[in-house]
>>> print(open('entry_22.cif').read())   # mmCIF, C-alpha atoms
data_query
loop_
_atom_site.label_atom_id
_atom_site.label_comp_id
_atom_site.auth_asym_id
_atom_site.auth_seq_id
_atom_site.Cartn_x
_atom_site.Cartn_y
_atom_site.Cartn_z
CA MET Z 54 63.47 178.47 36.46
CA VAL Z 55 65.00 180.67 39.13
CA VAL Z 56 67.39 179.76 41.93
CA LYS Z 57 65.60 178.66 45.10
CA VAL Z 58 67.10 179.68 48.49
CA TYR Z 59 66.03 177.81 51.63
CA GLY Z 60 65.59 179.48 55.05
CA PRO Z 61 65.35 183.23 54.25
CA ALA Z 62 64.27 184.19 57.79
CA TYR Z 63 67.69 183.32 59.14
CA ALA Z 64 71.10 185.00 59.00
CA SER Z 65 73.29 182.60 56.97
CA PRO Z 66 70.77 182.39 54.09
CA LYS Z 67 70.71 186.19 54.05
CA ARG Z 68 74.38 186.16 52.97
CA VAL Z 69 73.26 184.34 49.85
CA ILE Z 70 70.18 186.50 49.24
CA LEU Z 71 72.23 189.69 49.62
CA CYS Z 72 74.77 188.36 47.13
CA LEU Z 73 72.04 187.48 44.62
CA VAL Z 74 70.54 190.97 44.94
CA GLU Z 75 73.99 192.58 44.41
CA LYS Z 76 74.55 190.39 41.33
CA GLU Z 77 71.03 191.14 39.98
CA ILE Z 78 70.12 187.44 39.93
CA GLU Z 79 66.46 186.46 40.24
CA PHE Z 80 65.57 184.05 43.02
CA GLU Z 81 62.73 182.66 45.09
CA THR Z 82 62.76 181.50 48.71
CA VAL Z 83 61.46 178.49 50.63
CA PRO Z 84 60.80 178.82 54.35
CA VAL Z 85 62.43 176.42 56.82
CA ASP Z 86 61.41 176.68 60.48
CA LEU Z 87 64.38 175.98 62.78
CA ILE Z 88 62.24 176.08 65.95
CA LYS Z 89 60.05 173.31 64.54
CA GLY Z 90 63.23 171.43 63.55
CA GLU Z 91 62.37 171.39 59.83
CA GLN Z 92 66.11 171.37 59.02
CA ARG Z 93 66.29 167.82 60.42
CA SER Z 94 63.42 166.46 58.29
CA PRO Z 95 64.36 163.64 55.85
CA GLU Z 96 63.44 165.81 52.83
CA TYR Z 97 65.72 168.62 53.97
CA LEU Z 98 68.59 166.27 54.87
CA LYS Z 99 68.49 164.93 51.29
CA LEU Z 100 69.47 168.44 50.17
CA GLN Z 101 71.79 169.39 53.06
CA PRO Z 102 73.03 166.28 54.90
CA PHE Z 103 74.44 168.28 57.83
CA GLY Z 104 70.99 169.77 58.54
CA GLU Z 105 72.14 173.37 58.20
CA LEU Z 106 70.90 176.48 56.43
CA PRO Z 107 71.07 177.53 53.65
CA VAL Z 108 70.95 175.28 50.60
CA ILE Z 109 70.15 176.41 47.06
CA GLN Z 110 68.59 174.59 44.13
CA ASP Z 111 69.39 176.02 40.71
CA GLY Z 112 67.76 173.64 38.25
CA ASP Z 113 69.55 170.33 38.88
CA PHE Z 114 72.42 171.99 40.72
CA ILE Z 115 72.29 171.87 44.51
CA LEU Z 116 74.83 173.72 46.64
CA TYR Z 117 75.17 174.39 50.36
CA GLU Z 118 77.37 176.44 52.73
CA SER Z 119 76.53 180.16 52.37
CA ARG Z 120 80.12 181.23 51.64
CA ALA Z 121 80.49 178.57 48.94
CA ILE Z 122 77.19 179.66 47.34
CA MET Z 123 78.26 183.33 47.34
CA ARG Z 124 81.61 182.51 45.77
CA TYR Z 125 79.87 180.41 43.10
CA TYR Z 126 77.44 183.17 42.05
CA ALA Z 127 80.02 185.96 42.34
CA GLU Z 128 82.19 184.01 39.88
CA LYS Z 129 79.50 182.68 37.53
CA TYR Z 130 77.91 186.12 37.14
CA ARG Z 131 81.18 188.05 37.19
CA SER Z 132 80.08 190.26 34.31
CA GLN Z 133 76.86 191.57 35.87
CA GLY Z 134 75.89 193.53 38.97
CA THR Z 135 78.45 194.52 41.61
CA GLU Z 136 81.98 193.10 41.33
CA LEU Z 137 82.37 191.19 44.61
CA LEU Z 138 85.72 189.43 44.07
CA GLY Z 139 88.06 192.36 43.41
CA LYS Z 140 89.64 193.02 40.01
CA THR Z 141 92.91 191.03 40.10
CA ILE Z 142 93.94 187.60 41.38
CA GLU Z 143 95.77 189.32 44.27
CA GLU Z 144 92.66 191.32 45.17
CA ARG Z 145 90.67 188.10 45.11
CA GLY Z 146 93.30 186.57 47.41
CA LEU Z 147 92.66 189.36 49.92
CA VAL Z 148 88.87 188.85 49.58
CA GLU Z 149 89.45 185.16 50.37
CA GLN Z 150 91.66 186.06 53.33
CA TRP Z 151 89.05 188.30 54.92
CA LEU Z 152 86.23 185.84 54.13
CA GLU Z 153 88.25 183.23 56.04
CA VAL Z 154 88.81 185.71 58.88
CA GLU Z 155 85.05 186.31 59.04
CA ALA Z 156 84.44 182.56 59.04
CA HIS Z 157 87.07 181.62 61.66
CA ASN Z 158 87.54 184.71 63.87
CA TYR Z 159 84.33 186.76 63.64
CA ASN Z 160 81.53 184.29 63.03
CA PRO Z 161 82.18 181.71 65.80
CA ALA Z 162 81.91 184.33 68.56
CA ILE Z 163 78.95 186.21 67.08
CA TYR Z 164 77.19 182.92 66.25
CA GLU Z 165 77.55 181.76 69.89
CA LEU Z 166 76.10 185.10 71.04
CA THR Z 167 73.20 184.61 68.61
CA ILE Z 168 72.44 181.13 69.97
CA GLN Z 169 72.67 182.23 73.59
CA LEU Z 170 70.98 185.60 73.45
CA LEU Z 171 68.41 185.14 70.69
CA PHE Z 172 67.65 181.41 70.44
CA SER Z 173 68.03 179.89 73.93
CA SER Z 174 64.65 181.11 75.10
CA LYS Z 175 62.96 179.87 71.92
CA PHE Z 176 64.35 176.40 72.70
CA GLY Z 177 63.50 176.63 76.40
CA ARG Z 178 67.15 176.64 77.48
CA PRO Z 179 68.88 178.94 79.98
CA VAL Z 180 71.48 181.42 78.75
CA ASP Z 181 75.09 180.35 79.44
CA GLU Z 182 76.44 183.63 80.82
CA LYS Z 183 80.04 182.38 80.91
CA LEU Z 184 79.88 181.56 77.21
CA VAL Z 185 78.33 184.99 76.50
CA LYS Z 186 81.16 186.74 78.36
CA GLU Z 187 83.83 184.68 76.57
CA SER Z 188 82.23 185.35 73.20
CA ASP Z 189 81.96 189.10 73.88
CA GLU Z 190 85.67 189.17 74.71
CA LYS Z 191 86.69 187.17 71.65
CA LEU Z 192 84.56 189.33 69.39
CA GLY Z 193 85.98 192.50 70.95
CA LYS Z 194 89.55 191.37 70.24
CA THR Z 195 88.65 190.57 66.63
CA LEU Z 196 86.99 193.97 66.23
CA ASP Z 197 90.18 195.63 67.53
CA VAL Z 198 92.09 194.06 64.62
CA TYR Z 199 89.32 195.21 62.23
CA GLU Z 200 89.62 198.76 63.64
CA GLU Z 201 93.32 198.79 62.81
CA ARG Z 202 92.72 197.36 59.32
CA LEU Z 203 89.87 199.75 58.52
CA SER Z 204 91.95 202.74 59.57
CA LYS Z 205 94.13 201.92 56.54
CA SER Z 206 91.58 200.76 54.00
CA LYS Z 207 87.95 201.59 53.33
CA TYR Z 208 86.77 197.99 53.16
CA LEU Z 209 88.33 194.79 54.48
CA ALA Z 210 90.04 193.52 51.31
CA GLY Z 211 91.01 196.99 50.07
CA ASP Z 212 89.28 200.11 48.81
CA PHE Z 213 86.49 198.08 47.23
CA PHE Z 214 83.37 196.40 48.63
CA SER Z 215 83.56 192.61 48.36
CA LEU Z 216 82.15 189.29 49.56
CA ALA Z 217 84.37 189.71 52.65
CA ASP Z 218 82.40 192.76 53.87
CA LEU Z 219 79.07 191.33 52.70
CA SER Z 220 79.55 188.15 54.70
CA HIS Z 221 79.49 190.14 57.96
CA ILE Z 222 76.20 191.89 57.41
CA PRO Z 223 73.48 189.45 58.55
CA PHE Z 224 74.92 188.52 61.97
CA THR Z 225 76.19 192.06 62.67
CA HIS Z 226 72.63 193.25 62.06
CA TYR Z 227 71.63 191.03 65.01
CA LEU Z 228 74.55 192.36 67.11
CA VAL Z 229 73.57 196.02 66.81
CA GLY Z 230 69.84 195.28 66.96
CA PRO Z 231 68.20 192.56 69.05
CA MET Z 232 71.48 191.66 70.86
CA GLY Z 233 71.80 195.24 72.13
CA ARG Z 234 75.52 195.42 71.45
CA GLN Z 235 75.70 198.43 69.18
CA HIS Z 236 78.47 199.87 71.37
CA MET Z 237 80.86 197.18 70.12
CA ILE Z 238 80.59 198.78 66.69
CA ARG Z 239 80.12 202.44 67.70
CA ASP Z 240 83.06 202.48 70.15
CA ARG Z 241 85.37 201.78 67.20
CA LYS Z 242 85.52 204.78 64.86
CA HIS Z 243 86.56 203.04 61.64
CA VAL Z 244 84.49 199.90 62.24
CA SER Z 245 81.54 202.24 62.87
CA ALA Z 246 82.02 204.09 59.56
CA TRP Z 247 82.43 200.79 57.72
CA TRP Z 248 79.26 199.38 59.28
CA ASP Z 249 77.27 202.51 58.33
CA ASP Z 250 78.52 202.19 54.77
CA ILE Z 251 77.83 198.51 54.21
CA SER Z 252 74.55 198.30 56.13
CA ASN Z 253 73.11 201.21 54.15
CA ARG Z 254 73.64 199.56 50.79
CA PRO Z 255 70.30 199.43 48.93
CA SER Z 256 70.76 195.66 48.55
CA TRP Z 257 70.72 195.10 52.32
CA LYS Z 258 67.72 197.32 52.80
CA LYS Z 259 65.95 195.26 50.13
CA VAL Z 260 66.86 191.98 51.87
CA LEU Z 261 65.43 193.24 55.18
CA GLU Z 262 62.22 194.26 53.42
CA LEU Z 263 61.82 190.92 51.65
CA CYS Z 264 62.91 188.54 54.40
CA LYS Z 265 61.87 189.23 57.95
CA THR Z 266 64.09 187.99 60.79
CA PRO Z 267 62.50 186.10 63.67
CA PHE Z 268 63.55 188.90 66.05
CA GLY Z 269 62.31 192.09 64.44
CA MET F 9 112.46 185.35 45.01
CA VAL F 10 110.35 182.42 46.12
CA VAL F 11 107.24 182.34 48.28
CA LYS F 12 108.00 182.07 52.01
CA VAL F 13 105.70 179.97 54.21
CA TYR F 14 105.77 180.51 57.97
CA GLY F 15 105.36 177.70 60.53
CA PRO F 16 106.00 174.49 58.51
CA ALA F 17 106.14 172.29 61.62
CA TYR F 18 102.41 172.73 62.19
CA ALA F 19 99.28 171.41 60.50
CA SER F 20 97.60 174.49 58.97
CA PRO F 21 100.80 175.61 57.18
CA LYS F 22 101.06 172.07 55.74
CA ARG F 23 97.82 172.71 53.81
CA VAL F 24 99.70 175.46 52.00
CA ILE F 25 102.89 173.45 51.51
CA VAL F 26 101.12 170.41 50.01
CA CYS F 27 99.21 172.76 47.68
CA LEU F 28 102.43 174.44 46.51
CA ILE F 29 103.98 171.03 45.82
CA GLU F 30 100.89 169.90 43.85
CA LYS F 31 101.08 173.12 41.82
CA GLN F 32 104.88 172.73 41.32
CA ILE F 33 105.59 176.11 42.90
CA GLU F 34 108.97 176.70 44.55
CA PHE F 35 108.92 177.86 48.15
CA GLU F 36 110.98 178.27 51.28
CA THR F 37 109.91 178.09 54.91
CA ALA F 38 110.49 180.13 58.08
CA PRO F 39 110.09 178.40 61.45
CA VAL F 40 107.70 179.76 64.10
CA ASP F 41 107.71 178.11 67.54
CA LEU F 42 104.20 178.08 69.02
CA ILE F 43 105.37 176.68 72.38
CA LYS F 44 107.73 179.63 72.77
CA GLY F 45 104.87 181.93 71.72
CA GLU F 46 106.69 183.28 68.66
CA HIS F 47 103.34 183.81 66.90
CA ARG F 48 102.53 186.53 69.45
CA ASN F 49 105.68 188.59 69.00
CA PRO F 50 105.44 192.04 67.34
CA GLU F 51 107.28 191.07 64.14
CA TYR F 52 104.92 188.15 63.51
CA LEU F 53 101.81 190.16 64.38
CA LYS F 54 102.80 192.72 61.72
CA LEU F 55 102.36 189.94 59.16
CA GLN F 56 99.41 188.12 60.73
CA PRO F 57 97.54 190.40 63.18
CA PHE F 58 95.47 187.54 64.65
CA GLY F 59 98.64 185.68 65.67
CA ALA F 60 97.63 182.51 63.79
CA LEU F 61 99.60 180.25 61.41
CA PRO F 62 100.32 180.32 58.51
CA VAL F 63 101.17 183.49 56.64
CA ILE F 64 102.99 183.70 53.31
CA GLN F 65 105.18 186.39 51.79
CA ASP F 66 105.44 186.40 48.01
CA GLY F 67 107.55 189.42 47.15
CA ASP F 68 105.49 192.37 48.41
CA PHE F 69 102.34 190.29 48.67
CA THR F 70 101.45 189.03 52.15
CA LEU F 71 98.50 186.65 52.64
CA TYR F 72 97.18 184.66 55.60
CA GLU F 73 94.51 182.02 56.36
CA SER F 74 95.62 178.66 54.88
CA ARG F 75 92.40 178.11 52.90
CA ALA F 76 92.68 181.61 51.34
CA ILE F 77 96.31 180.95 50.42
CA ILE F 78 95.54 177.60 48.76
CA ARG F 79 92.66 179.13 46.76
CA TYR F 80 94.96 181.97 45.64
CA TYR F 81 97.73 179.69 44.38
CA ALA F 82 95.33 177.14 42.87
CA GLU F 83 93.82 179.96 40.81
CA LYS F 84 96.97 181.92 39.99
CA TYR F 85 98.80 178.80 38.79
CA ARG F 86 95.73 177.19 37.21
CA SER F 87 97.69 176.16 34.13
CA GLN F 88 100.43 174.18 35.91
CA GLY F 89 100.62 171.17 38.20
CA THR F 90 97.49 169.41 39.46
CA GLU F 91 94.10 171.00 38.77
CA LEU F 92 92.73 171.57 42.29
CA LEU F 93 89.58 173.60 41.54
CA GLY F 94 87.68 171.24 39.23
CA LYS F 95 87.12 171.98 35.52
CA THR F 96 83.84 173.94 35.43
CA ILE F 97 82.32 176.71 37.54
CA GLU F 98 79.88 174.15 38.98
CA GLU F 99 82.72 171.79 39.90
CA ARG F 100 84.47 174.71 41.58
CA GLY F 101 81.23 175.42 43.47
CA LEU F 102 81.30 171.87 44.85
CA VAL F 103 85.00 172.26 45.77
CA GLU F 104 84.05 175.44 47.67
CA GLN F 105 81.15 173.63 49.37
CA TRP F 106 83.34 170.81 50.67
CA LEU F 107 86.13 173.23 51.65
CA GLU F 108 83.55 175.06 53.74
CA VAL F 109 82.34 171.74 55.21
CA GLU F 110 85.93 170.92 56.17
CA ALA F 111 86.36 174.37 57.73
CA HIS F 112 83.06 174.45 59.67
CA ASN F 113 82.15 170.82 60.41
CA TYR F 114 85.35 168.73 60.30
CA HIS F 115 87.97 171.16 61.50
CA PRO F 116 86.50 172.47 64.79
CA PRO F 117 86.23 169.07 66.53
CA ILE F 118 89.52 167.73 65.13
CA TYR F 119 91.27 170.98 66.10
CA GLU F 120 89.88 170.74 69.66
CA MET F 121 91.14 167.14 69.86
CA THR F 122 94.57 168.28 68.59
CA VAL F 123 94.82 170.99 71.25
CA GLN F 124 93.71 168.64 74.03
CA LEU F 125 95.54 165.45 73.08
CA LEU F 126 98.72 166.82 71.48
CA PHE F 127 99.29 170.30 72.87
CA ALA F 128 97.79 170.50 76.39
CA SER F 129 100.74 168.75 78.01
CA LYS F 130 103.28 170.86 76.09
CA LEU F 131 101.57 173.96 77.43
CA GLY F 132 101.37 172.59 80.97
CA LEU F 133 97.58 172.25 80.88
CA SER F 134 95.48 169.25 81.88
CA VAL F 135 93.47 167.37 79.24
CA ASP F 136 89.73 168.11 79.28
CA GLU F 137 88.42 164.56 78.82
CA LYS F 138 84.80 165.74 78.53
CA LEU F 139 85.73 168.04 75.64
CA VAL F 140 87.68 165.25 73.93
CA LYS F 141 84.68 162.90 74.17
CA LYS F 142 82.28 165.57 72.87
CA SER F 143 84.63 166.43 69.97
CA GLU F 144 85.09 162.78 69.04
CA GLU F 145 81.32 162.33 68.90
CA LYS F 146 80.90 165.41 66.71
CA LEU F 147 83.69 164.27 64.39
CA GLY F 148 82.12 160.80 64.18
CA LYS F 149 78.81 162.27 63.02
CA VAL F 150 80.60 164.32 60.33
CA LEU F 151 82.52 161.23 59.18
CA ASP F 152 79.20 159.37 58.84
CA VAL F 153 78.07 162.01 56.33
CA TYR F 154 81.44 161.69 54.54
CA GLU F 155 80.99 157.88 54.39
CA GLU F 156 77.64 158.37 52.62
CA ARG F 157 79.12 160.96 50.23
CA LEU F 158 82.22 158.91 49.42
CA SER F 159 80.08 155.85 48.68
CA LYS F 160 78.80 157.84 45.68
CA SER F 161 81.92 159.68 44.55
CA ASN F 162 85.69 159.03 44.65
CA TYR F 163 86.53 162.37 46.20
CA LEU F 164 84.49 164.92 48.10
CA ALA F 165 83.65 167.36 45.28
CA GLY F 166 83.24 164.65 42.63
CA ASP F 167 85.41 162.13 40.82
CA PHE F 168 88.43 164.44 40.94
CA PHE F 169 90.95 165.31 43.67
CA SER F 170 90.64 168.94 44.77
CA LEU F 171 91.48 171.51 47.44
CA ALA F 172 88.54 170.10 49.42
CA ASP F 173 90.25 166.72 49.90
CA LEU F 174 93.71 168.31 50.30
CA SER F 175 92.49 170.51 53.15
CA HIS F 176 91.84 167.41 55.28
CA LEU F 177 95.35 165.96 55.06
CA PRO F 178 97.32 167.63 57.87
CA PHE F 179 94.93 167.25 60.82
CA THR F 180 93.72 163.80 59.73
CA GLN F 181 97.37 162.73 59.73
CA TYR F 182 97.44 163.71 63.43
CA LEU F 183 94.18 161.78 64.01
CA VAL F 184 95.45 158.46 62.61
CA GLY F 185 98.97 158.98 63.98
CA PRO F 186 99.81 160.60 67.30
CA MET F 187 96.13 160.90 68.42
CA GLU F 188 95.78 157.10 67.92
CA LYS F 189 92.25 157.32 66.55
CA GLU F 190 92.83 155.52 63.24
CA TYR F 191 89.72 153.43 63.91
CA MET F 192 87.56 156.49 63.19
CA ILE F 193 88.81 156.30 59.59
CA ARG F 194 89.19 152.49 59.26
CA ASP F 195 85.72 151.70 60.64
CA ARG F 196 84.24 153.56 57.64
CA LYS F 197 84.91 151.65 54.39
CA HIS F 198 84.70 154.51 51.89
CA VAL F 199 86.35 157.10 54.15
CA SER F 200 89.15 154.55 54.65
CA ALA F 201 89.67 154.07 50.90
CA TRP F 202 89.59 157.85 50.36
CA TRP F 203 92.14 158.39 53.14
CA ASP F 204 94.48 155.76 51.68
CA ASP F 205 94.23 157.42 48.29
CA ILE F 206 94.85 161.01 49.34
CA SER F 207 97.47 160.33 52.03
CA ASN F 208 99.54 158.27 49.59
CA ARG F 209 99.85 161.08 47.06
CA PRO F 210 103.56 161.77 46.43
CA SER F 211 103.02 165.42 47.41
CA TRP F 212 101.84 164.48 50.92
CA LYS F 213 104.63 161.95 51.39
CA LYS F 214 107.08 164.71 50.46
CA VAL F 215 105.58 167.08 53.05
CA LEU F 216 105.93 164.42 55.75
CA GLU F 217 109.55 163.82 54.72
CA LEU F 218 110.47 167.51 54.78
CA TYR F 219 108.66 168.65 57.94
#
>>> encode(input="entry_22.cif", output="structure tokens")
Amino acid sequence: MVVKVYGPAYASPKRVILCLVEKEIEFETVPVDLIKGEQRSPEYLKLQPFGELPVIQDGDFILYESRAIMRYYAEKYRSQGTELLGKTIEERGLVEQWLEVEAHNYNPAIYELTIQLLFSSKFGRPVDEKLVKESDEKLGKTLDVYEERLSKSKYLAGDFFSLADLSHIPFTHYLVGPMGRQHMIRDRKHVSAWWDDISNRPSWKKVLELCKTPFG
Amino acid sequence: MVVKVYGPAYASPKRVIVCLIEKQIEFETAPVDLIKGEHRNPEYLKLQPFGALPVIQDGDFTLYESRAIIRYYAEKYRSQGTELLGKTIEERGLVEQWLEVEAHNYHPPIYEMTVQLLFASKLGLSVDEKLVKKSEEKLGKVLDVYEERLSKSNYLAGDFFSLADLSHLPFTQYLVGPMEKEYMIRDRKHVSAWWDDISNRPSWKKVLELY
């Protein structure tokens, strides 16, 4: 019985899938169509009561919140695949710090841009240009801090790839692609080099092959 | 040399302080005045480049983001004080899940209410009543899910107190206190019992005494 991941077409589930590929853990996926509102169906809400993606089922064990799922597998399968939590407790602390930064400083702005620029039309709603402008500014300020950090260290938590870098990949893929905001990454020399490095990992290329996004 | 925690007057740093008390770790604090904008001065930004509270200094080791700091200490001092991460890897997974729920579902509306109802006037800004109403509705929906969960389990991650419950203490204290929205907790039987339990822990009472 392999772990089942719900909602592979979308960005948050891709954090989990990427982590499973890095850790060499077998999995299968179950589609959930957000446009049809399948995440609000009674069956789905039994698994994830907030109606969000993703959720995993691993035998009897059900877990939701992509960053919780990644931490769980990175710890449970510590001895196989890529080390994603650093080597020491202090390195793990820095991984946790940058995962929190991604969750609280990076993700809210880029998520708002995703909703406005990529999903509004699918839901028949107009784009809120003021919100787009605010989000662009917030994201830019966060990327300035990243530029400074990455001028001193190859990856966010240190000189090692970790969950903190991985967590950025799915939504940043939207930013440089269908959102047409590649300049936000390319205008920042160290962020640009970091993005090239992490987005060219074989694991990410595999995820993109296996799980199409709704935007191409 | 003991760990130094910046900004003890505020809610997010209190997550760290209550965790250190639960884990029986000595600490000292350094005040940071948000109204005076001390979190934006160059010395503070060297420690926490996003200008947010808290940050800790533990010898040469600097760490920020309250939920990262509590995970770090709960793991490093696993063998002393209260166990805050559950006993098994699966229990830890559930702790992580509910910590993420607190961070993404509970915290944003309660934080918005804090800024509007408790800080707007201090910063000379008018209260955005529409935002307060929207945030209260969002928070209510989250609390309905909590009510269902806590009808099946004593604490969020299971029948054990953990970082997931602890993380809710500081801002919920604002909600039932100065924000005068205690009814949001009391109107929900199991949330109410859970709140009584966690807010009466000696560690939390100590935090409220000290800061």
>>> atom_distance(input="entry_22.cif", atom1="CA of Ser220 in chain Z", atom2="CA of Asp197 in chain Z")
18.3 Å
>>> resolve_selection(input="entry_22.cif", expression="the PyMOL selection byres ((chain Z) within 8 of (chain F))", output="PyMOL selection string")
chain Z and resi 102-103+114+116-118+120-122+124-125+128-129+142-143+145-147+149-150+153-154+195+198
>>> write_last_selection(input="entry_22.cif", atoms="C-alpha atoms", output="mmCIF file, keeping the file's coordinate frame")
data_model
loop_
_atom_site.group_PDB
_atom_site.id
_atom_site.type_symbol
_atom_site.label_atom_id
_atom_site.label_comp_id
_atom_site.auth_asym_id
_atom_site.auth_seq_id
_atom_site.Cartn_x
_atom_site.Cartn_y
_atom_site.Cartn_z
ATOM 1 C CA PRO Z 102 73.030 166.280 54.900
ATOM 2 C CA PHE Z 103 74.440 168.280 57.830
ATOM 3 C CA PHE Z 114 72.420 171.990 40.720
ATOM 4 C CA LEU Z 116 74.830 173.720 46.640
ATOM 5 C CA TYR Z 117 75.170 174.390 50.360
ATOM 6 C CA GLU Z 118 77.370 176.440 52.730
ATOM 7 C CA ARG Z 120 80.120 181.230 51.640
ATOM 8 C CA ALA Z 121 80.490 178.570 48.940
ATOM 9 C CA ILE Z 122 77.190 179.660 47.340
ATOM 10 C CA ARG Z 124 81.610 182.510 45.770
ATOM 11 C CA TYR Z 125 79.870 180.410 43.100
ATOM 12 C CA GLU Z 128 82.190 184.010 39.880
ATOM 13 C CA LYS Z 129 79.500 182.680 37.530
ATOM 14 C CA ILE Z 142 93.940 187.600 41.380
ATOM 15 C CA GLU Z 143 95.770 189.320 44.270
ATOM 16 C CA ARG Z 145 90.670 188.100 45.110
ATOM 17 C CA GLY Z 146 93.300 186.570 47.410
ATOM 18 C CA LEU Z 147 92.660 189.360 49.920
ATOM 19 C CA GLU Z 149 89.450 185.160 50.370
ATOM 20 C CA GLN Z 150 91.660 186.060 53.330
ATOM 21 C CA GLU Z 153 88.250 183.230 56.040
ATOM 22 C CA VAL Z 154 88.810 185.710 58.880
ATOM 23 C CA THR Z 195 88.650 190.570 66.630
ATOM 24 C CA VAL Z 198 92.090 194.060 64.620
#
>>> resolve_selection(input="entry_22.cif", expression="the PyMOL selection byres ((chain Z and resi 67-74) around 6)", output="number ranges by chain")
Z: 64-66, 75-78, 119, 123, 220, 256
>>> closest_residue(input="entry_22.cif", among="F:Leu133, F:Leu93, F:Ala165, F:Val215", to="Arg23 in chain F", atoms="all atoms listed in the file")
F:Val215
>>> residues_near_point(input="entry_22.cif", point="(91.8, 189.5, 71.7)", cutoff="12 Å", atoms="only C-alpha atoms", output="list in words")
Asn158, Tyr159, Ala162, Glu187, Ser188, Asp189, Glu190, Lys191, Leu192, Gly193, Lys194, Thr195, Leu196, Asp197, Val198 and Tyr199 of chain Z; Arg48, Pro57, Phe58 and Gly59 of chain F
>>> resolve_selection(input="entry_22.cif", expression="the PyMOL selection byres ((chain F and resi 17-22) around 7)", output="MDAnalysis selection string")
chainID F and resid 15:16 23:26 61:62 74 178:179 219
>>> axis_aligned_box(input="entry_22.cif", around="range 181-188 of chain F", padding_each_side="3 Å", output="JSON")
{"center_x": 97.0, "center_y": 160.4, "center_z": 64.1, "size_x": 11.6, "size_y": 12.6, "size_z": 14.7}
>>> closest_residue(input="entry_22.cif", among="F:Met9, F:Ala128, F:Leu177, F:Leu151", to="Asp195 in chain F", atoms="all atoms listed in the file")
F:Leu151
>>> atom_distance(input="entry_22.cif", atom1="CA of Asn162 in chain F", atom2="CA of Lys197 in chain F")
12.2 Å
>>> atom_distance(input="entry_22.cif", atom1="CA of Leu164 in chain F", atom2="CA of Gly148 in chain F")
16.8 Å
>>> closest_residue(input="entry_22.cif", among="F:Ala201, F:Ala82, F:Leu216, F:Ile43", to="Phe127 in chain F", atoms="only C-alpha atoms")
F:Ile43
>>> closest_residue(input="entry_22.cif", among="Z:Leu137, Z:Ala210, Z:Ala246, Z:Ala62", to="Leu106 in chain Z", atoms="only C-alpha atoms")
Z:Ala62
>>> closest_residue(input="entry_22.cif", among="Z:Lys140, Z:His226, Z:Lys175, Z:Lys265", to="Gly211 in chain Z", atoms="only C-alpha atoms")
Z:Lys140
>>> closest_residue(input="entry_22.cif", among="Z:Asp86, Z:Glu182, Z:Glu136, Z:Glu155", to="Pro223 in chain Z", atoms="only C-alpha atoms")
Z:Glu155
>>> residues_near_point(input="entry_22.cif", point="(72.0, 179.7, 70.6)", cutoff="12 Å", atoms="only C-alpha atoms", output="PDB file with C-alpha atoms, in the coordinates of the input")
ATOM      1  CA  LEU Z  87      64.380 175.980  62.780  1.00  0.00           C
ATOM      2  CA  ILE Z  88      62.240 176.080  65.950  1.00  0.00           C
ATOM      3  CA  PRO Z 161      82.180 181.710  65.800  1.00  0.00           C
ATOM      4  CA  ALA Z 162      81.910 184.330  68.560  1.00  0.00           C
ATOM      5  CA  ILE Z 163      78.950 186.210  67.080  1.00  0.00           C
ATOM      6  CA  TYR Z 164      77.190 182.920  66.250  1.00  0.00           C
ATOM      7  CA  GLU Z 165      77.550 181.760  69.890  1.00  0.00           C
ATOM      8  CA  LEU Z 166      76.100 185.100  71.040  1.00  0.00           C
ATOM      9  CA  THR Z 167      73.200 184.610  68.610  1.00  0.00           C
ATOM     10  CA  ILE Z 168      72.440 181.130  69.970  1.00  0.00           C
ATOM     11  CA  GLN Z 169      72.670 182.230  73.590  1.00  0.00           C
ATOM     12  CA  LEU Z 170      70.980 185.600  73.450  1.00  0.00           C
ATOM     13  CA  LEU Z 171      68.410 185.140  70.690  1.00  0.00           C
ATOM     14  CA  PHE Z 172      67.650 181.410  70.440  1.00  0.00           C
ATOM     15  CA  SER Z 173      68.030 179.890  73.930  1.00  0.00           C
ATOM     16  CA  SER Z 174      64.650 181.110  75.100  1.00  0.00           C
ATOM     17  CA  LYS Z 175      62.960 179.870  71.920  1.00  0.00           C
ATOM     18  CA  PHE Z 176      64.350 176.400  72.700  1.00  0.00           C
ATOM     19  CA  GLY Z 177      63.500 176.630  76.400  1.00  0.00           C
ATOM     20  CA  ARG Z 178      67.150 176.640  77.480  1.00  0.00           C
ATOM     21  CA  PRO Z 179      68.880 178.940  79.980  1.00  0.00           C
ATOM     22  CA  VAL Z 180      71.480 181.420  78.750  1.00  0.00           C
ATOM     23  CA  ASP Z 181      75.090 180.350  79.440  1.00  0.00           C
ATOM     24  CA  GLU Z 182      76.440 183.630  80.820  1.00  0.00           C
ATOM     25  CA  LEU Z 184      79.880 181.560  77.210  1.00  0.00           C
ATOM     26  CA  VAL Z 185      78.330 184.990  76.500  1.00  0.00           C
ATOM     27  CA  SER Z 188      82.230 185.350  73.200  1.00  0.00           C
ATOM     28  CA  MET Z 232      71.480 191.660  70.860  1.00  0.00           C
TER      29      MET Z 232
END
>>> residues_around(input="entry_22.cif", residues="Ile238 in chain Z", least_positions_apart="6", cutoff="10 Å", atoms="all atoms listed in the file", output="ChimeraX atom specification")
/Z:193,196,200,225,228-229,244-249
>>> decode(input="entry_22.cif", residues="range 93-100 of chain Z", atoms="C-alpha atoms", output="short mmCIF file (atom, residue, chain, number, x, y, z; two decimals), in the first residue's frame")
data_model
loop_
_atom_site.label_atom_id
_atom_site.label_comp_id
_atom_site.auth_asym_id
_atom_site.auth_seq_id
_atom_site.Cartn_x
_atom_site.Cartn_y
_atom_site.Cartn_z
CA ARG Z 93 -15.77 21.13 -0.61
CA SER Z 94 -17.45 17.74 -1.17
CA PRO Z 95 -18.48 15.85 2.02
CA GLU Z 96 -16.07 12.98 1.21
CA TYR Z 97 -13.13 15.34 0.87
CA LEU Z 98 -14.04 17.34 4.00
CA LYS Z 99 -13.94 14.08 5.99
CA LEU Z 100 -10.23 13.91 5.12
#
